[in-house]
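Undergrad: Have a look at this one.
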Amino acid sequence: MSRLFGTDGVRGLANGEVITADLALALAQAAARVLRDPEGLQGHRPVAVVGRDPRASGEFLSAAVVAGLASSGIDVLDAGVVPTPAVAFLTAELHADFGVMLSASHNAMPDNGIKFFAKGGHKLPDAVEDAIEAAMDETPDRPTGIDVGRVTPMDDAGARYVRHLLDAVEQRLDGLTIVLDCAHGAASQVSPEAFRLAGAEVHVIGARPDGLNINDGVGSTHTEGLRAAVVEHGADLGIAHDGDADRCLAVDGQGREVDGDQIMAILALALKEHGELAQDTLVATVMSNLGLLRAMESAGIAVVQAGVGDRYVLEEMRKGGFSLGGEQSGHVILQEHATTGDGVLTGLMLAARVAETGRSMAELAGAMTRMPQVLINVKGVDKHRVDRDEGVQAAVTEVQASLADEGRVLLRKSGTEPVVRVMVEAATHERAQESAERLSVVVKERLAL
């Protein structure tokens with residue numbers, strides 16, 4: 001059987017073959033056995049924080065998770081609809097044994113997912129996820145009487161999180177005009193509130209979630225509306241979240257997108273300037289643009305590359321004692337203030353840098369020059385054979401040799417979808433497109449199901 005957990009928890013079509021109420025219940029019961037503090041059994045009641053994004057399926061899935069936890073003797077703090085990083089923060093702030101978030105992040109409404117945070121608000125390593133999966137085959141704990149878990153709604157979850165964000169950002173945003181796109185998702189209330197309290201004039205789109213419209217033509221995967229709104233309002237910048245607000249993309253005053261690599265470059269240079277970039281090192285992923293690597297080298301900043309997924313970035317950060325890391329997709333981790341990617345915090349830090357320097361977002365983003373990059377998602381293939389198929393590997397070697405030092409090739413299987421991602425960077429967009437298409441044909445032919 002294939003592994004249940006992917007790059008970011010368990011994800012799939014809600015009420016489909018994988019993400020069901022039965023699975024949510026069983027997964028919560030298994031997590032209760034694995035993640036509760038063994039030393040705490042004698043000293044305190046185990047506690048878990050549970051949150052969700054506003055998609056409709058989250059209502060029944062979170063109910064199943066809460067039932068599974070409480071029936072296993074875990075007291076539940078139900079945070080309701082909050083961003084993923086809010087659950088991570090609350091797990092740490094409240095000294096809970098673990099946290100659970102119901103979200104499919106940037107995926108469309110029919111999907112949903114379940115992800116866990118360990119004590120302290122950190123995502124789980126693979127070994128712990130495997131232990132939870134194995135525990136699903138065991139008989140769950142079934143305490144009775146006073147030993148069953150209690151469920152307490154957290155009416156102040158969002159307010160606690162907003163206070164945390166404002167404490168983290170010292171620079172006021174007075175005088176800035178900002179457009180926020182909340183993806184009709186979990187940040188629809190907390191992000192506008194945080195930016196307004198920080199002093200910005202805020203215009204908001206994509207902040208009317210109805211359970212069905214999350215990520216639907218809005219948010220970090222659909223920035224067209226944000227780009228237009230920034231120009232329309234003459235704003236200094238725009239910020240786009242995804243459904244659970246663990247990522248952030250930006251838009252400059254001319255309506256041009258600023259991706260996660262450029263955001264990391266801006267923040268890395270700011271932290272280095274203030275002497276707060278630990279070991280003058282940034283942690284990025286293998287998907288980050290070659291332009292980021294070159295810009296950091298020029299600025300005297302080392303780059304450590306991790307696997308794709310913000311938890312792998314965080315693992316490298318914790319291992320090396322680094323303070324900043326992230327992904328091109330907009331997951332950015334500022335370890336002094338967060339244990340996971342936090343789109344609202346990242347947006348506030350970006351805006352603070354604009355306010356602090358008086359420079360435009362476009363000027364700040366110009367710190368790096370993006371190499372033309374083409375990404376093609378090849379569907380309908382056996383993604384598990386991509387690393388060992390001789391024909392595919394020969395094609396990769398051939399294309400990389402043709403690009404020499406002026407580009408690079410990366411093939412990887414998606415951790416959340418049945419897809420092989422073909423990425424090519426080259427000196428020109430045309431060269432990157434041609435090379436990516438050529439490799440995609442080989443992948444489609446060699447790995448066909």
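Following the order of the structure tokens, chains are lettered A, B, ..., residues in each are numbered from 1, and ligands are numbered from 1.
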Just list the residues in region 68-316 of chain A DSSP gives helix (DSSP H, G or I) on the backbone, as number ranges by chain.
TA: A: 68-70, 84-93, 126-135, 145-147, 157-168, 190-197, 224-233, 260-273, 278-280, 290-298, 310-316
Undergrad: List the neighbours of region 196-207 of chain A out to 7 Å using only C-alpha atoms; skip same-chain residues closer than 2 positions along the sequence, and give me the result as an MDAnalysis selection string.
TA: chainID A and resid 166 172:185 188 192:194 209 218
Undergrad: When you draw a straight line from CA of Glu336 (chain A) to CA of Leu102 (chain A), how long is it in Å?
TA: 25.2 Å
Undergrad: Please determine, counting only C-alpha atoms, which residue among A:Ala48, A:Val148, A:Ala228, A:Val303 has the shortest atom-to-atom distance to Gly121 (chain A).
TA: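 When distances to Gly121 (chain A) are compared using only C-alpha atoms, the smallest one comes from A:Ala48.
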Undergrad: Would you list the contacts of Arg142 (chain A) as JSON, numbers by chain, taking every protein, DNA or RNA residue within 9 Å and counting only C-alpha atoms, but skipping same-chain residues closer than 3 positions in sequence?
TA: {"A": [71, 72, 73, 139, 148]}
Undergrad: So what do you get for CA of Ala31 (chain A) versus CA of Glu129 (chain A), distance-wise?
TA: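 Straight-line distance from CA of Ala31 (chain A) to CA of Glu129 (chain A) works out to 8.7 Å.
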Undergrad: Counting only C-alpha atoms, which residue out of A:Ala26, A:Leu249, A:Leu292, A:Ala284 sits closest to Glu315 (chain A)?
TA: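 Answer, going by the shortest atom-to-atom distance: A:Ala284.
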Undergrad: Can you tell me which residues surround Asp310 (chain A) at a distance of at most 7 Å, considering only C-alpha atoms, apart from same-chain residues fewer than 3 positions away, and format the answer as JSON, numbers by chain?
TA: {"A": [313, 314, 326, 327, 331, 341]}
Undergrad: Since we have the selection now, will you write its residues out, keeping N, CA, C and O atoms, as a compact mmCIF listing (two decimals), in the first residue's frame?
TA:
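Dumped to result.txt:
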# COMPACT_ATOMS: atom_id res chain seq x y z
N VAL A 313 11.94 22.33 4.84
CA VAL A 313 12.67 23.58 5.03
C VAL A 313 12.92 23.81 6.51
O VAL A 313 14.03 24.14 6.94
N LEU A 314 11.87 23.63 7.32
CA LEU A 314 12.01 23.86 8.75
C LEU A 314 12.98 22.88 9.39
O LEU A 314 13.75 23.24 10.29
N GLY A 326 12.14 29.13 3.15
CA GLY A 326 10.85 29.13 2.47
C GLY A 326 10.89 28.50 1.11
O GLY A 326 11.89 27.89 0.69
N GLU A 327 9.77 28.69 0.40
CA GLU A 327 9.57 28.09 -0.91
C GLU A 327 9.13 29.13 -1.92
O GLU A 327 8.52 30.14 -1.57
N HIS A 331 5.45 29.81 0.81
CA HIS A 331 5.61 29.39 2.20
C HIS A 331 6.92 30.00 2.71
O HIS A 331 7.99 29.65 2.21
N GLY A 341 5.13 27.90 7.84
CA GLY A 341 4.87 28.98 6.91
C GLY A 341 3.67 29.79 7.37
O GLY A 341 2.63 29.24 7.73
Undergrad: Can you list, as a list in words, every protein, DNA or RNA residue that comes within 8 Å of Gly325 (chain A) when you count only C-alpha atoms, leaving out same-chain residues fewer than 6 positions away?
TA: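 Selected residues are Met264, Leu282, Val283, Ala284, Val313, Leu314, Met317, Val332, Ile333 and Leu334 of chain A.
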Undergrad: What lies within 12 Å of Ile132 (chain A) using only C-alpha atoms, ignoring chain neighbours under 6 positions off, as an MDAnalysis selection string?
TA: chainID A and resid 3:5 9:10 26:36 115:116 124:126 138 140
Undergrad: What's around Val286 (chain A) at 7 Å? Count only C-alpha atoms, leave out sequence neighbours fewer than 2 positions away in its own chain, and write the answer as a ChimeraX atom specification.
TA: /A:284,288,305-308
Undergrad: Which of these, A:Leu375, A:Leu267, A:Val354, A:Ile74, has the shortest distance to Glu434 (chain A) once you count only C-alpha atoms?
TA: A:Leu375
Undergrad: So how many Å separate CA of Arg370 (chain A) and CA of Gly260 (chain A), to one decimal?
TA: 11.2 Å
Undergrad: Quick one: of A:Glu406, A:Asp53, A:Asp167, A:Asp246, who's nearest to Gly309 (chain A), counting only C-alpha atoms?
TA: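 Among A:Glu406, A:Asp53, A:Asp167, A:Asp246, it is A:Asp246 that comes nearest to Gly309 (chain A).
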Undergrad: According to DSSP computed on the backbone, where in region 215-409 of chain A is there strand (DSSP E or B)? Give the residues as an MDAnalysis selection string.
TA: chainID A and resid 237:241 248:251 257:258 281:285 302:306 324:326 332:334 373:379 381 408:409
Undergrad: Could you write out that same residue set with N, CA, C and O atoms as a compact mmCIF listing (two decimals), in the first residue's frame?
TA:
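Output saved as again28.txt:
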# COMPACT_ATOMS: atom_id res chain seq x y z
N LEU A 237 1.14 47.96 -2.57
CA LEU A 237 1.39 46.54 -2.81
C LEU A 237 0.12 45.76 -2.56
O LEU A 237 -0.85 46.27 -1.98
N GLY A 238 0.13 44.52 -3.00
CA GLY A 238 -0.95 43.59 -2.73
C GLY A 238 -0.40 42.32 -2.12
O GLY A 238 0.76 41.96 -2.37
N ILE A 239 -1.22 41.67 -1.30
CA ILE A 239 -0.84 40.41 -0.65
C ILE A 239 -1.90 39.37 -0.97
O ILE A 239 -3.10 39.61 -0.78
N ALA A 240 -1.46 38.20 -1.44
CA ALA A 240 -2.38 37.10 -1.75
C ALA A 240 -2.09 35.92 -0.84
O ALA A 240 -0.96 35.45 -0.75
N HIS A 241 -3.14 35.46 -0.14
CA HIS A 241 -3.04 34.25 0.67
C HIS A 241 -3.63 33.08 -0.09
O HIS A 241 -4.31 33.26 -1.10
N CYS A 248 2.11 33.21 1.13
CA CYS A 248 1.90 34.60 0.73
C CYS A 248 2.65 34.86 -0.56
O CYS A 248 3.84 34.55 -0.68
N LEU A 249 1.94 35.38 -1.55
CA LEU A 249 2.57 35.98 -2.72
C LEU A 249 2.23 37.46 -2.68
O LEU A 249 1.29 37.89 -2.01
N ALA A 250 2.98 38.26 -3.41
CA ALA A 250 2.77 39.71 -3.39
C ALA A 250 2.61 40.25 -4.79
O ALA A 250 2.90 39.57 -5.79
N VAL A 251 2.15 41.49 -4.87
CA VAL A 251 2.01 42.20 -6.13
C VAL A 251 2.57 43.60 -5.91
O VAL A 251 2.29 44.24 -4.88
N GLU A 257 3.44 40.36 -10.30
CA GLU A 257 3.53 39.40 -9.21
C GLU A 257 4.95 39.32 -8.65
O GLU A 257 5.94 39.36 -9.38
N VAL A 258 5.03 39.19 -7.34
CA VAL A 258 6.29 38.99 -6.63
C VAL A 258 6.19 37.62 -5.97
O VAL A 258 5.37 37.40 -5.08
N THR A 281 22.54 32.94 6.42
CA THR A 281 22.13 31.79 5.60
C THR A 281 20.62 31.78 5.41
O THR A 281 19.86 32.04 6.35
N LEU A 282 20.20 31.47 4.19
CA LEU A 282 18.80 31.28 3.83
C LEU A 282 18.59 29.82 3.47
O LEU A 282 19.42 29.22 2.78
N VAL A 283 17.48 29.24 3.91
CA VAL A 283 17.12 27.89 3.51
C VAL A 283 16.01 27.98 2.46
O VAL A 283 14.94 28.53 2.72
N ALA A 284 16.28 27.45 1.27
CA ALA A 284 15.30 27.42 0.18
C ALA A 284 15.10 25.97 -0.22
O ALA A 284 15.57 25.05 0.44
N THR A 285 14.39 25.73 -1.31
CA THR A 285 14.20 24.36 -1.78
C THR A 285 14.83 24.19 -3.16
O THR A 285 15.26 25.16 -3.79
N ALA A 302 24.65 32.68 2.21
CA ALA A 302 24.68 31.28 1.79
C ALA A 302 23.25 30.76 1.65
O ALA A 302 22.33 31.23 2.33
N VAL A 303 23.06 29.78 0.77
CA VAL A 303 21.75 29.17 0.57
C VAL A 303 21.87 27.66 0.77
O VAL A 303 22.68 27.00 0.13
N VAL A 304 21.08 27.13 1.70
CA VAL A 304 20.96 25.70 1.91
C VAL A 304 19.67 25.25 1.24
O VAL A 304 18.61 25.84 1.47
N GLN A 305 19.75 24.22 0.40
CA GLN A 305 18.57 23.77 -0.32
C GLN A 305 18.00 22.50 0.33
O GLN A 305 18.70 21.52 0.55
N ALA A 306 16.69 22.54 0.59
CA ALA A 306 15.97 21.43 1.20
C ALA A 306 15.03 20.81 0.19
O ALA A 306 14.83 21.33 -0.91
N LEU A 324 15.66 31.97 8.63
CA LEU A 324 14.76 32.27 7.52
C LEU A 324 14.81 31.16 6.48
O LEU A 324 15.89 30.70 6.12
N GLY A 325 13.65 30.77 6.03
CA GLY A 325 13.60 29.77 4.96
C GLY A 325 12.25 29.83 4.28
O GLY A 325 11.31 30.48 4.75
N GLY A 326 12.14 29.13 3.15
CA GLY A 326 10.85 29.13 2.47
C GLY A 326 10.89 28.50 1.11
O GLY A 326 11.89 27.89 0.69
N VAL A 332 6.82 30.87 3.67
CA VAL A 332 8.02 31.51 4.23
C VAL A 332 7.98 31.33 5.75
O VAL A 332 6.96 31.58 6.38
N ILE A 333 9.10 30.87 6.30
CA ILE A 333 9.19 30.62 7.74
C ILE A 333 10.17 31.61 8.35
O ILE A 333 11.34 31.65 7.98
N LEU A 334 9.67 32.42 9.27
CA LEU A 334 10.49 33.33 10.06
C LEU A 334 10.58 32.72 11.45
O LEU A 334 9.69 32.91 12.28
N GLN A 373 11.70 30.35 -16.13
CA GLN A 373 11.44 29.04 -15.55
C GLN A 373 10.10 28.52 -16.06
O GLN A 373 9.10 29.23 -16.02
N VAL A 374 10.10 27.30 -16.51
CA VAL A 374 8.87 26.67 -17.01
C VAL A 374 8.60 25.43 -16.18
O VAL A 374 9.49 24.60 -15.98
N LEU A 375 7.38 25.31 -15.70
CA LEU A 375 6.97 24.14 -14.92
C LEU A 375 5.78 23.49 -15.60
O LEU A 375 4.76 24.13 -15.85
N ILE A 376 5.91 22.22 -15.94
CA ILE A 376 4.83 21.46 -16.57
C ILE A 376 4.46 20.29 -15.66
O ILE A 376 5.33 19.51 -15.27
N ASN A 377 3.18 20.20 -15.34
CA ASN A 377 2.68 19.08 -14.53
C ASN A 377 2.19 17.98 -15.46
O ASN A 377 1.24 18.19 -16.21
N VAL A 378 2.85 16.84 -15.40
CA VAL A 378 2.50 15.72 -16.27
C VAL A 378 1.59 14.77 -15.49
O VAL A 378 2.01 14.17 -14.49
N LYS A 379 0.36 14.63 -15.94
CA LYS A 379 -0.63 13.81 -15.25
C LYS A 379 -0.79 12.47 -15.93
O LYS A 379 -0.34 12.27 -17.07
N VAL A 381 0.46 9.50 -15.07
CA VAL A 381 1.68 8.70 -15.15
C VAL A 381 1.96 8.07 -13.77
O VAL A 381 1.40 8.49 -12.76
N ARG A 408 19.03 24.76 -15.52
CA ARG A 408 19.00 23.50 -14.79
C ARG A 408 17.66 22.81 -15.01
O ARG A 408 16.68 23.41 -15.45
N VAL A 409 17.65 21.51 -14.66
CA VAL A 409 16.48 20.66 -14.85
C VAL A 409 16.14 19.99 -13.53
O VAL A 409 17.04 19.56 -12.79
Undergrad: Given the choices A:Val424, A:Ala432, A:Leu348, A:Leu447, which gets closest to Asp382 (chain A) if the distance is worked out from only C-alpha atoms?
TA: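 Closest to Asp382 (chain A) of all the choices is A:Leu447.
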